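Q: This is the structure I want to talk about, given as structure tokens.
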Amino acid sequence: MLNKKRNRESGEIDGSSLADIAFLLLIFFLVVTTIDVDTGIGLVLPPIPDDIEPPPVRERNLMNILVNAQGMVLINEQPAAINTIRERVREFVNNNGADPDLSESPDDAIVSIKTDRQTPYNVYIDMLDEVMGAYEELRHQASMDRFGVPYSSLERQSAQREEIQEMFPKRISIAEPDEG
Amino acid sequence: MSKFKKKQAGTKQGVPTSAMPDVVFMLLIFFMVTTVLREVELQVQIEYAQAENIEKIEEKRLVSYIYIGPERLSGNRLGETRVQIDDGLIEDMGEIRNIMYDKLMEEPRMIVSLRVDQDSEFGIVTDVQQELRHANALRINYSTRRDI
């Protein structure tokens with residue numbers, strides 16, 4: 001009796017709806033997924049200074065950019081338009097000792113950025129964008145001269161990319177904020 | 001003519017679908033792995049600034065976010081500029097130091113992405129940056145969008 005009953009049942013699970021279930025899950029994950037990548041301007045903050053005196057920097061190797069509360073940009077205390085920053089930074093970094101007022105070498109050149117408490121954020125980003133653009137152009141130029149390919153096409157962590165990065169290191173410093 | 005007809009009749013119609021579940025499962029697993037399910041609920045309003053020379057953050061797992069913008073109040077009003085980390089608004093700036101320090105201990109290669117509303121003043125960003133420096137979380141990224 002018992003034996004007979006067992007024989008009538010099929011021992012397998014019906015698998016034909018498996019695809020439907022998988023499809024349902026697939027559609028859920030398709031809808032939920034956001035593939036867009038984060039983009040932004042990367043920067044490394046200076047560490048909190050210790051009691052040790054920072055090494056002295058010669059004045060010619062330092063480019064002071066101040067964005068004040070009115071959203072005006074001052075390069076070395078002289079007002080400058082945002083769209084001239086890129087050119088100024090390029091000249092400053094890639095001077096190689098030619099002009100006595102500009103940097104000695106790209107390795108020594110430091111761009112120091114200072115802001116006020118009331119500085120509008122978008123002006124600051126525009127300014128930073130221009131500075132980054134200057135470095136990007138210099139690196140692109142160096143990469144074209146050296147390897148004949150654009151800097152952006154060099155692979156990450158490749159020897160060539162690191163070589164170019166060493167030629168034009170981004171020495172961007174955020175100045176200490178004023179007290180109060 | 002008849003020759004052609006015969007050949008056509010001989011071909012089997014229809015694509016075999018027996019491998020379809022496998023394909024679907026493969027896609028499913030791909031999307032399951034790539035999905036980041038939980039994005040925080042924003043309590044501050046953020047409109048990104050735009051910039052051209054931006055870089056992609058390839059490794060999303062290294063990123064932790066700090067949101068800075070005017071607080072969203074009920075009835076579409078906007079309040080004071082506030083700082084949000086994860087799901088909570090920061091009441092005291094000194095908290096940021098501890099939160100970020102803990103996060104840095106978990107992931108030493110952490111990148112802090114600052115998502116700041118473009119109409120903010122920079123003072124609050126400076127405060128956050130000072131806290132990050134105290135926490136020794138020095139790699140930051142100002143989140144921006146590319147001009148369209």
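In the structure tokens, each chain is lettered A, B, ... as it comes, each chain's residues begin at 1, and ligands are numbered from 1 in order of appearance.
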If we count only C-alpha atoms and set the cut-off at 6 Å, which residues sit around region 55-69 of chain B, ignoring sequence neighbours fewer than 6 positions away in its own chain? Please answer as a PyMOL selection string.
A: (chain A and resi 38-40) or (chain B and resi 44-46+81-85+110-117)
Q: Could you take the residues named above and write them with N, CA and C atoms, as an mmCIF file, in the first residue's frame?
A:
```cif
data_model
loop_
_atom_site.group_PDB
_atom_site.id
_atom_site.type_symbol
_atom_site.label_atom_id
_atom_site.label_comp_id
_atom_site.auth_asym_id
_atom_site.auth_seq_id
_atom_site.Cartn_x
_atom_site.Cartn_y
_atom_site.Cartn_z
ATOM 1 N N ASP A 38 31.472 58.088 -8.478
ATOM 2 C CA ASP A 38 31.697 59.363 -7.830
ATOM 3 C C ASP A 38 32.789 60.123 -8.547
ATOM 4 N N THR A 39 32.548 61.386 -8.757
ATOM 5 C CA THR A 39 33.597 62.205 -9.335
ATOM 6 C C THR A 39 33.835 63.394 -8.420
ATOM 7 N N GLY A 40 35.027 63.911 -8.485
ATOM 8 C CA GLY A 40 35.323 65.055 -7.642
ATOM 9 C C GLY A 40 36.763 65.478 -7.783
ATOM 10 N N VAL B 44 20.079 67.023 4.548
ATOM 11 C CA VAL B 44 20.487 68.363 4.116
ATOM 12 C C VAL B 44 20.324 68.439 2.595
ATOM 13 N N GLN B 45 20.127 69.657 2.127
ATOM 14 C CA GLN B 45 19.931 69.867 0.695
ATOM 15 C C GLN B 45 21.296 70.082 0.050
ATOM 16 N N ILE B 46 21.592 69.331 -1.002
ATOM 17 C CA ILE B 46 22.897 69.503 -1.644
ATOM 18 C C ILE B 46 22.738 69.675 -3.136
ATOM 19 N N THR B 81 22.878 75.883 7.730
ATOM 20 C CA THR B 81 23.818 74.935 7.150
ATOM 21 C C THR B 81 24.275 73.953 8.224
ATOM 22 N N ARG B 82 24.120 72.679 7.931
ATOM 23 C CA ARG B 82 24.475 71.650 8.911
ATOM 24 C C ARG B 82 25.392 70.615 8.271
ATOM 25 N N VAL B 83 25.983 69.803 9.137
ATOM 26 C CA VAL B 83 26.867 68.734 8.678
ATOM 27 C C VAL B 83 26.196 67.401 8.978
ATOM 28 N N GLN B 84 26.180 66.527 7.985
ATOM 29 C CA GLN B 84 25.600 65.209 8.191
ATOM 30 C C GLN B 84 26.638 64.136 7.881
ATOM 31 N N ILE B 85 26.776 63.198 8.809
ATOM 32 C CA ILE B 85 27.616 62.022 8.564
ATOM 33 C C ILE B 85 26.727 60.808 8.758
ATOM 34 N N MET B 110 41.102 55.162 3.678
ATOM 35 C CA MET B 110 39.844 55.877 3.498
ATOM 36 C C MET B 110 40.010 57.204 2.751
ATOM 37 N N ILE B 111 39.050 57.473 1.880
ATOM 38 C CA ILE B 111 38.957 58.785 1.236
ATOM 39 C C ILE B 111 37.677 59.427 1.762
ATOM 40 N N VAL B 112 37.782 60.654 2.210
ATOM 41 C CA VAL B 112 36.590 61.349 2.682
ATOM 42 C C VAL B 112 36.055 62.200 1.543
ATOM 43 N N SER B 113 34.831 61.931 1.155
ATOM 44 C CA SER B 113 34.224 62.714 0.096
ATOM 45 C C SER B 113 33.356 63.796 0.713
ATOM 46 N N LEU B 114 33.702 65.024 0.434
ATOM 47 C CA LEU B 114 32.941 66.148 0.978
ATOM 48 C C LEU B 114 31.887 66.543 -0.043
ATOM 49 N N ARG B 115 30.646 66.330 0.318
ATOM 50 C CA ARG B 115 29.565 66.714 -0.580
ATOM 51 C C ARG B 115 28.949 67.990 -0.038
ATOM 52 N N VAL B 116 29.348 69.073 -0.651
ATOM 53 C CA VAL B 116 28.996 70.377 -0.108
ATOM 54 C C VAL B 116 28.073 71.090 -1.080
ATOM 55 N N ASP B 117 27.046 71.711 -0.522
ATOM 56 C CA ASP B 117 26.144 72.507 -1.335
ATOM 57 C C ASP B 117 26.900 73.717 -1.873
#
```
Q: At a cut-off of 9 Å, can you tabulate as JSON lines every residue of chain A near chain B together with its closest atom pair and the distance in Å to one decimal, using only C-alpha atoms and ordering rows by chain then number?
A:
```
{"residue": "A:Leu18", "atom": "CA", "partner": "B:Pro21", "partner_atom": "CA", "distance": 7.2}
{"residue": "A:Ala19", "atom": "CA", "partner": "B:Pro21", "partner_atom": "CA", "distance": 4.8}
{"residue": "A:Asp20", "atom": "CA", "partner": "B:Pro21", "partner_atom": "CA", "distance": 8.4}
{"residue": "A:Ala22", "atom": "CA", "partner": "B:Phe25", "partner_atom": "CA", "distance": 6.2}
{"residue": "A:Phe23", "atom": "CA", "partner": "B:Val24", "partner_atom": "CA", "distance": 6.5}
{"residue": "A:Leu25", "atom": "CA", "partner": "B:Leu28", "partner_atom": "CA", "distance": 6.9}
{"residue": "A:Leu26", "atom": "CA", "partner": "B:Leu28", "partner_atom": "CA", "distance": 4.8}
{"residue": "A:Ile27", "atom": "CA", "partner": "B:Leu28", "partner_atom": "CA", "distance": 8.4}
{"residue": "A:Phe29", "atom": "CA", "partner": "B:Phe31", "partner_atom": "CA", "distance": 5.8}
{"residue": "A:Leu30", "atom": "CA", "partner": "B:Phe31", "partner_atom": "CA", "distance": 6.6}
{"residue": "A:Val32", "atom": "CA", "partner": "B:Thr35", "partner_atom": "CA", "distance": 7.2}
{"residue": "A:Thr33", "atom": "CA", "partner": "B:Thr35", "partner_atom": "CA", "distance": 5.0}
{"residue": "A:Thr34", "atom": "CA", "partner": "B:Thr35", "partner_atom": "CA", "distance": 7.1}
{"residue": "A:Ile35", "atom": "CA", "partner": "B:Thr34", "partner_atom": "CA", "distance": 8.1}
{"residue": "A:Val37", "atom": "CA", "partner": "B:Lys56", "partner_atom": "CA", "distance": 6.6}
{"residue": "A:Asp38", "atom": "CA", "partner": "B:Ile57", "partner_atom": "CA", "distance": 5.6}
{"residue": "A:Thr39", "atom": "CA", "partner": "B:Lys56", "partner_atom": "CA", "distance": 4.5}
{"residue": "A:Gly40", "atom": "CA", "partner": "B:Ser143", "partner_atom": "CA", "distance": 4.1}
{"residue": "A:Ile41", "atom": "CA", "partner": "B:Tyr142", "partner_atom": "CA", "distance": 5.1}
{"residue": "A:Gly42", "atom": "CA", "partner": "B:Asn141", "partner_atom": "CA", "distance": 4.2}
{"residue": "A:Leu43", "atom": "CA", "partner": "B:Ile140", "partner_atom": "CA", "distance": 5.4}
{"residue": "A:Val44", "atom": "CA", "partner": "B:Arg139", "partner_atom": "CA", "distance": 4.7}
{"residue": "A:Leu45", "atom": "CA", "partner": "B:Leu138", "partner_atom": "CA", "distance": 4.8}
{"residue": "A:Pro46", "atom": "CA", "partner": "B:Leu138", "partner_atom": "CA", "distance": 6.9}
{"residue": "A:Pro47", "atom": "CA", "partner": "B:Arg133", "partner_atom": "CA", "distance": 5.7}
{"residue": "A:Ile48", "atom": "CA", "partner": "B:Arg133", "partner_atom": "CA", "distance": 5.9}
{"residue": "A:Ala69", "atom": "CA", "partner": "B:Glu121", "partner_atom": "CA", "distance": 8.8}
{"residue": "A:Thr115", "atom": "CA", "partner": "B:Phe122", "partner_atom": "CA", "distance": 7.3}
{"residue": "A:Asp116", "atom": "CA", "partner": "B:Gly123", "partner_atom": "CA", "distance": 6.7}
{"residue": "A:Arg117", "atom": "CA", "partner": "B:Gly123", "partner_atom": "CA", "distance": 3.7}
{"residue": "A:Gln118", "atom": "CA", "partner": "B:Glu121", "partner_atom": "CA", "distance": 5.1}
{"residue": "A:Thr119", "atom": "CA", "partner": "B:Phe122", "partner_atom": "CA", "distance": 5.1}
{"residue": "A:Pro120", "atom": "CA", "partner": "B:Glu121", "partner_atom": "CA", "distance": 4.8}
{"residue": "A:Tyr121", "atom": "CA", "partner": "B:Phe122", "partner_atom": "CA", "distance": 5.3}
{"residue": "A:Asn122", "atom": "CA", "partner": "B:Gln118", "partner_atom": "CA", "distance": 5.0}
{"residue": "A:Val123", "atom": "CA", "partner": "B:Gln118", "partner_atom": "CA", "distance": 8.7}
{"residue": "A:Tyr124", "atom": "CA", "partner": "B:Phe122", "partner_atom": "CA", "distance": 8.0}
{"residue": "A:Ile125", "atom": "CA", "partner": "B:Ala51", "partner_atom": "CA", "distance": 7.1}
{"residue": "A:Asp126", "atom": "CA", "partner": "B:Ala51", "partner_atom": "CA", "distance": 6.5}
{"residue": "A:Leu128", "atom": "CA", "partner": "B:Ala51", "partner_atom": "CA", "distance": 8.8}
{"residue": "A:Asp129", "atom": "CA", "partner": "B:Asn53", "partner_atom": "CA", "distance": 5.8}
{"residue": "A:Glu130", "atom": "CA", "partner": "B:Asn53", "partner_atom": "CA", "distance": 7.8}
{"residue": "A:Met132", "atom": "CA", "partner": "B:Asn53", "partner_atom": "CA", "distance": 6.3}
{"residue": "A:Gly133", "atom": "CA", "partner": "B:Asn53", "partner_atom": "CA", "distance": 5.6}
{"residue": "A:Glu136", "atom": "CA", "partner": "B:Asn53", "partner_atom": "CA", "distance": 7.7}
{"residue": "A:Glu176", "atom": "CA", "partner": "B:Gln130", "partner_atom": "CA", "distance": 8.9}
{"residue": "A:Pro177", "atom": "CA", "partner": "B:Thr126", "partner_atom": "CA", "distance": 7.4}
```
Q: So that I can check the surroundings of Val57 (chain A), please list as a list in words every protein, DNA and RNA residue that reaches within 10 Å of it, counting only C-alpha atoms and ignoring chain neighbours fewer than 6 positions away.
A: Asp108, Ala109 and Ile110 of chain A
Q: DSSP says alpha helix (DSSP H) for which residues of chain A? Put them as a VMD selection string?
A: chain A and resid 2 to 8 18 to 32 85 to 93 121 to 147 159 to 167
Q: Enumerate, as a tab-separated table (two decimals) with N, CA and C atoms, in the first residue's frame, the complete set of residues in region 29-171 of chain A that a backbone-based DSSP assignment places in strand (DSSP E).
A:
```tsv
chain	number	residue	atom	x	y	z
A	39	THR	N	32.55	61.39	-8.76
A	39	THR	CA	33.60	62.20	-9.33
A	39	THR	C	33.83	63.39	-8.42
A	40	GLY	N	35.03	63.91	-8.49
A	40	GLY	CA	35.32	65.06	-7.64
A	40	GLY	C	36.76	65.48	-7.78
A	41	ILE	N	37.13	66.50	-7.04
A	41	ILE	CA	38.49	67.00	-7.05
A	41	ILE	C	39.20	66.46	-5.82
A	42	GLY	N	40.21	65.65	-6.04
A	42	GLY	CA	40.93	65.04	-4.93
A	42	GLY	C	41.98	65.98	-4.37
A	43	LEU	N	42.21	65.87	-3.10
A	43	LEU	CA	43.19	66.74	-2.44
A	43	LEU	C	43.68	66.01	-1.20
A	44	VAL	N	44.91	66.29	-0.80
A	44	VAL	CA	45.42	65.74	0.44
A	44	VAL	C	45.64	66.89	1.41
A	62	LEU	N	56.68	80.05	-3.67
A	62	LEU	CA	55.36	80.00	-3.06
A	62	LEU	C	54.41	80.90	-3.83
A	63	MET	N	53.27	80.35	-4.19
A	63	MET	CA	52.25	81.15	-4.86
A	63	MET	C	51.04	81.17	-3.93
A	64	ASN	N	50.73	82.36	-3.47
A	64	ASN	CA	49.61	82.49	-2.54
A	64	ASN	C	48.33	82.81	-3.29
A	65	ILE	N	47.36	81.98	-3.14
A	65	ILE	CA	46.05	82.27	-3.72
A	65	ILE	C	45.08	82.46	-2.56
A	66	LEU	N	44.45	83.62	-2.54
A	66	LEU	CA	43.48	83.90	-1.49
A	66	LEU	C	42.12	84.12	-2.14
A	67	VAL	N	41.14	83.41	-1.64
A	67	VAL	CA	39.76	83.68	-2.07
A	67	VAL	C	39.09	84.37	-0.91
A	73	VAL	N	39.39	86.58	-6.15
A	73	VAL	CA	40.61	85.78	-6.06
A	73	VAL	C	41.81	86.72	-6.11
A	74	LEU	N	42.71	86.54	-5.16
A	74	LEU	CA	43.93	87.34	-5.15
A	74	LEU	C	45.13	86.41	-5.24
A	75	ILE	N	45.96	86.65	-6.24
A	75	ILE	CA	47.20	85.90	-6.36
A	75	ILE	C	48.32	86.80	-5.89
A	78	GLN	N	47.50	90.37	-5.39
A	78	GLN	CA	46.97	91.12	-6.53
A	78	GLN	C	45.69	90.46	-7.01
A	79	PRO	N	44.63	91.25	-7.24
A	79	PRO	CA	43.39	90.64	-7.73
A	79	PRO	C	43.60	89.99	-9.10
A	80	ALA	N	42.98	88.86	-9.30
A	80	ALA	CA	43.12	88.16	-10.58
A	80	ALA	C	41.77	87.55	-10.95
A	110	ILE	N	55.12	75.52	-4.73
A	110	ILE	CA	54.02	75.23	-3.83
A	110	ILE	C	52.91	76.23	-4.07
A	111	VAL	N	51.73	75.73	-4.27
A	111	VAL	CA	50.56	76.60	-4.40
A	111	VAL	C	49.84	76.58	-3.06
A	112	SER	N	49.77	77.72	-2.45
A	112	SER	CA	49.13	77.80	-1.14
A	112	SER	C	47.77	78.46	-1.27
A	113	ILE	N	46.76	77.80	-0.75
A	113	ILE	CA	45.39	78.28	-0.92
A	113	ILE	C	44.85	78.72	0.43
A	114	LYS	N	44.32	79.92	0.44
A	114	LYS	CA	43.76	80.45	1.69
A	114	LYS	C	42.34	80.94	1.42
A	115	THR	N	41.50	80.71	2.41
A	115	THR	CA	40.11	81.13	2.25
A	115	THR	C	39.67	81.89	3.48
```
Q: Please measure the separation of CA of Val93 (chain A) and CA of Pro106 (chain A), giving the value in Å to one decimal.
A: 4.9 Å
Q: Near region 149-155 of chain A, counting only C-alpha atoms, which residues have an atom at most 10 Å away, once you skip same-chain residues fewer than 6 positions from it, shown as a VMD selection string?
A: chain A and resid 136 to 143 161 to 162 164 to 165
Q: Please produce a file of the residues just selected, as an mmCIF file, in the first residue's frame, where the atoms kept are N, CA and C atoms.
A:
```cif
data_model
loop_
_atom_site.group_PDB
_atom_site.id
_atom_site.type_symbol
_atom_site.label_atom_id
_atom_site.label_comp_id
_atom_site.auth_asym_id
_atom_site.auth_seq_id
_atom_site.Cartn_x
_atom_site.Cartn_y
_atom_site.Cartn_z
ATOM 1 N N GLU A 136 47.093 69.481 -14.787
ATOM 2 C CA GLU A 136 46.690 68.470 -15.768
ATOM 3 C C GLU A 136 47.295 68.780 -17.135
ATOM 4 N N GLU A 137 47.282 70.069 -17.502
ATOM 5 C CA GLU A 137 47.848 70.473 -18.792
ATOM 6 C C GLU A 137 49.349 70.219 -18.826
ATOM 7 N N LEU A 138 50.021 70.550 -17.719
ATOM 8 C CA LEU A 138 51.466 70.342 -17.666
ATOM 9 C C LEU A 138 51.800 68.861 -17.784
ATOM 10 N N ARG A 139 51.043 68.041 -17.092
ATOM 11 C CA ARG A 139 51.295 66.600 -17.144
ATOM 12 C C ARG A 139 51.002 66.049 -18.522
ATOM 13 N N HIS A 140 49.932 66.562 -19.123
ATOM 14 C CA HIS A 140 49.573 66.132 -20.476
ATOM 15 C C HIS A 140 50.711 66.460 -21.440
ATOM 16 N N GLN A 141 51.227 67.691 -21.308
ATOM 17 C CA GLN A 141 52.310 68.134 -22.176
ATOM 18 C C GLN A 141 53.540 67.241 -22.002
ATOM 19 N N ALA A 142 53.887 66.988 -20.732
ATOM 20 C CA ALA A 142 55.063 66.165 -20.447
ATOM 21 C C ALA A 142 54.894 64.755 -20.998
ATOM 22 N N SER A 143 53.676 64.241 -20.865
ATOM 23 C CA SER A 143 53.413 62.881 -21.338
ATOM 24 C C SER A 143 53.503 62.807 -22.860
ATOM 25 N N ARG A 161 53.113 56.695 -15.706
ATOM 26 C CA ARG A 161 52.255 57.661 -15.029
ATOM 27 C C ARG A 161 52.943 58.220 -13.779
ATOM 28 N N GLU A 162 53.595 57.325 -13.061
ATOM 29 C CA GLU A 162 54.269 57.794 -11.853
ATOM 30 C C GLU A 162 55.438 58.706 -12.169
ATOM 31 N N ILE A 164 55.594 60.793 -14.700
ATOM 32 C CA ILE A 164 55.027 62.120 -14.998
ATOM 33 C C ILE A 164 54.584 62.799 -13.709
ATOM 34 N N GLN A 165 53.978 62.013 -12.816
ATOM 35 C CA GLN A 165 53.527 62.600 -11.549
ATOM 36 C C GLN A 165 54.700 63.134 -10.751
#
```
Q: Using CA of Leu24 (chain A) and CA of Pro16 (chain B) as the two end points, give the distance in Å to one decimal.
A: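 These atoms are spaced 21.2 Å apart.
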